[in-house]
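Below is one structure; the comments refer to it alone.
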There are 2 protein chains.
Amino acid sequence: MRPRAFPILVDGHWRPAGAAETFRAVNPATGEFFPGEYPISPWTDIAEALAAGTRAALAMAAIGPEPVSRFLEIFSELVEGRKEELVATAHLETALPSEPRLGSVEFPRLLDQLRQAAAACRDRSWCRATIDTKLKIHSMFGPLGGPVVIMGPNNFPFAYNALGGGDFAAALAAGNPVLAKSHPGYPSTTRIMAEAALDALGAAGLPSASVQLLYHFAPEDGLRLVSHPSVAASAFTGSRLSGMALKEAADRAGKPIYLEMSSANPVFILPGALAERPEEIAGELFRSCLLAAGQMCTKPGLVVILDDPAGRAFVDSVKNAFEGSEPGILLGPKVLEGLREASTRLAGRGAELVAGGRDPSGLGFRFSPTLFTLSGTGFLRDPAAFQVESFGTLSLIVLARDMAEMKEIASRLEGHLTGAVYSHRDGRDDREYAAIEPILRTKVGRLLNDKMPTGVAVSPAMNHGGPYPATGHPGFTAVGFPAAMLRFAALHCYDNVRPERLPVELRNANPTGEMWRFVDGQWTTRSL
Amino acid sequence: MRPRAFPILVDGHWRPAGAAETFRAVNPATGEFFPGEYPISPWTDIAEALAAGTRAALAMAAIGPEPVSRFLEIFSELVEGRKEELVATAHLETALPSEPRLGSVEFPRLLDQLRQAAAACRDRSWCRATIDTKLKIHSMFGPLGGPVVIMGPNNFPFAYNALGGGDFAAALAAGNPVLAKSHPGYPSTTRIMAEAALDALGAAGLPSASVQLLYHFAPEDGLRLVSHPSVAASAFTGSRLSGMALKEAADRAGKPIYLEMSSANPVFILPGALAERPEEIAGELFRSCLLAAGQMCTKPGLVVILDDPAGRAFVDSVKNAFEGSEPGILLGPKVLEGLREASTRLAGRGAELVAGGRDPSGLGFRFSPTLFTLSGTGFLRDPAAFQVESFGTLSLIVLARDMAEMKEIASRLEGHLTGAVYSHRDGRDDREYAAIEPILRTKVGRLLNDKMPTGVAVSPAMNHGGPYPATGHPGFTAVGFPAAMLRFAALHCYDNVRPERLPVELRNANPTGEMWRFVDGQWTTRSL
């Protein structure tokens, strides 16, 4: 490692990474490297963090939820105090707009998530304490018993940051130490978050290895890590290719891994809706596709309409909007490369390019907002190929011959995060809705009406998840407290365990007076 | 297929299996084949059942929980009406005692499970309807959208029968059709259950393919089945070898699979307990090991005590009990083969045979109750080898040098279904308990005090599950309603969906008046 590389955070100390390679982040607006060198950790760094994390897991189980809750609150305050620096740094590293995106949307969401996690942790209802008073059997969700590895994506430097974002907050709030790997696109943003976390650890009295940070490691070390005996579980948000490799490694070792991999977020626009408000819907689609230069996991990448005059006019509207817009700056060269490849692939398989598809001149990584169309027959010839996520402003409108073909398209969908249906406000599409909805329902995690899928509310009722290959399991959400915490928890049953040895959550007295418990088949907050 | 082979149940009809092989079940008490020929289905049978099951999934989603609940009740009544025939048949096919085991323990449990599932299905609280009234976001667990494949084990012809047992009831109660594969050890028992199920389907008004039955298929077709695009999820209870192969196939295809594979069910007996009541504990261990000839997934297969005079006296007690007991009849030749192999393996790795280890003479498959001992050092030399499940009455007592070594043994455990700790009643082992429990807690699904793990209560607070390799995921239980149903459910979020299009469980009015829903962070039964 060159001497000026930034240190890693292991077991409560900033210390140099093991002798190894370094990397520099790229300024997406210019294509130039930033000056700061960050380490690519060798396995010895990872092993050391794992050993410390394993000790921290035992220590955290012993001290219970209060210090974790305190940590999340103090951390959110310290992060809030460094907002200006964080927004400026994240803007430099990702080229996402400082305002409103970073400063007024994502940063408040970051703080909100941390505080919701702190509240859920303190409240304890999340653990679903279940008591059978007759049989003296008790159960609850508890921590996994080892460090949780979190690997964040490129597109949310705050809300999904491996150190500070939603997965981080959920894993900690469930009582697990976190071993975070920064996305290499924004190491300085992550470093600032980690500085705040280290201060908060001390103030909250959490074990020093409850939060650790590595910036980068070789892909093969990633596979070794998620399948390592000491790792309790992993979470990964990113590309399908990387996600699939990690999934295979973790699955083979029997290690839980939660993946958010890819989603085309199909949108079905029924004929009545297209007759009623074509311009309005075209505008919504356009704005949703352009948001953050299309680099949203819920970007509508597949739109299905009828191939009739109204449908063709809709395509023209969207095409005009796409053509009249400026290409945003992409997060990095890989995103640009992915868009080029997707364009070539779609065109090669018979989709028609109607807007964009070019690299515009100018500084930074950019790709023109790109729109393809395709017949329903064309889609059904190779459904899997046409629902691969294209990360960036690239969408495909499929023109179905009739409602039967639209229904057939729905039935050939893989798993996606979201699926939306637009219909006429007066109910004239209800028959068509009833034909599409039951099929779409089982293919997506979140079903929307008359609304584009971008914008994920942090609500207990949210599901940011969905069937494979959108994620690895249809029963878990990555967003929303307390549900997201259950990914990082094990079901712990206590059979005939002496009352004084039970966790406080399972004893007769309700430990907070307000915690919800499932006692003899009824939810209650009362003490027994 | 020979003409006299029994038909399979596909899409509501008993019909001959496709031309193929047949098998006959073996009478474990004599080693002779029973006369009845049962088909080994070719892939065409499976494909047909899958297609019918896929249609049934859509139909079941449309009619909601009431007919499923009715089916489970009617089925339980019809099964109860055939108790005599079922107990006699199961006794013949498994050699498990008619009384008390089959008639007075397992059969009542079967009925109880079906009725608990019916009640949970009707109650609907299981689906965890979650409502955010401010953001208009709703979510609940719903059916998976395809047939669930259930493959049952050899040792519970009623309670774990693929057609009628716990997984069956849980998958149906969550709204999914079931494609059951009988264990080949008791096809006639399963056939009677299926006859009752077909009658109940008609009476309850469930789609004809909601319950289907195949008796057997080739292992490679099993792998193809659990990874098939039309399959929603699978459940398997059986050997680690088969379970691992199925897991790999399902994982690769991104298909959820719930496995109950193997468990040594470690029991730690602390020194105070051994001083206080050595004979009592030796008796409990002996009876637990001998139950059903040791063919229980929760049989204590690994006992850890201190290597001191009391520990050695305890070994002698257990040894005498084992030697003085008659070997029970095993379920089949594979169980016998497994016990022979386990004995050879343990002896080959340095464990000392102190009782049994022989094939006694006489009719049927039998193996003497077998006890091994091993030093803590010996265990720690190869911990993985000494915690493989030995299915049958075969246990290993590990004699630890001191408490530090006992703790080290605990820390080297893999995932198991259960873990028990015996300690002195007056609390003198509390320090030792506090050293062992936090380690053991994260290794097992169910932690017991002063009690052997055999006997799994069907309680909402039960966890019959545990970390890998006991199962494939530490967050799910195979026993207990409503929790066991969540394995067969997907999280369905509704965002901005028009009120009249929401499932009734998510509308303002509470659909039953009694269903628990999580509204704005509080559990409630009120309407909105």
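Residue numbers start at 1 in each chain; chains themselves are named A, B, ... in the order of the structure tokens; ligands are numbered from 1 in the order shown.
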
What residues in stretch 172-406 of chain A get the DSSP label alpha helix (DSSP H)? Please answer as a PyMOL selection string. chain A and resi 172-173+187-204+219-226+240-252+271-276+278-290+309-323+333-348+376-381+403-406

Based on DSSP run over this structure's backbone, return all residues of stretch 202-438 of chain B in strand (DSSP E or B), as a VMD selection string. chain B and resid 211 to 214 217 233 to 237 257 to 260 266 to 269 302 to 306 329 352 to 355 366 370 to 375 394 to 400 416 to 422

Please identify every residue of chain A that has at least one atom no farther than 6 Å from an atom of chain B, counting only C-alpha atoms, and for each give the shortest atom pair and the distance in Å to one decimal, arranged by chain then increasing number, as CSV.
residue,atom,partner,partner_atom,distance
A:Thr130,CA,B:Ala461,CA,5.3
A:Ile131,CA,B:Ala461,CA,5.8
A:Asp132,CA,B:Ala461,CA,5.9
A:Ile137,CA,B:Ala461,CA,5.8
A:His138,CA,B:Ala461,CA,5.2
A:Ser139,CA,B:Ala461,CA,5.2
A:Gly145,CA,B:Thr442,CA,5.3
A:Gly254,CA,B:Tyr468,CA,5.7
A:Thr442,CA,B:Gly145,CA,5.3
A:Gly445,CA,B:His492,CA,5.5
A:Arg446,CA,B:Cys493,CA,4.4
A:Leu447,CA,B:Tyr494,CA,5.0
A:Leu448,CA,B:Asp495,CA,4.8
A:Asn449,CA,B:Val497,CA,4.8
A:Ala461,CA,B:Ser139,CA,5.2
A:Asn463,CA,B:Cys493,CA,5.4
A:Tyr468,CA,B:Gly254,CA,5.7
A:Pro474,CA,B:Ala490,CA,4.9
A:Gly475,CA,B:Ala490,CA,4.6
A:Ala490,CA,B:Gly475,CA,4.6
A:Leu491,CA,B:Gly475,CA,4.9
A:His492,CA,B:Gly445,CA,5.5
A:Cys493,CA,B:Arg446,CA,4.4
A:Tyr494,CA,B:Leu447,CA,5.0
A:Asp495,CA,B:Leu448,CA,4.8
A:Asn496,CA,B:Asn449,CA,5.6
A:Val497,CA,B:Asn449,CA,4.8

Which residues are near A:Leu285? Cut-off 9 Å, only C-alpha atoms, ignore same chain within fewer than 5 positions. Put them as a VMD selection string. chain A and resid 280 290 300 318 452

Counting only C-alpha atoms, the residue of A:Ala273, A:Met406, A:Leu394, A:Ala249 that sits nearest A:Gly427: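 Checking each of A:Ala273, A:Met406, A:Leu394, A:Ala249 against A:Gly427, counting only C-alpha atoms, the winner is A:Ala273.
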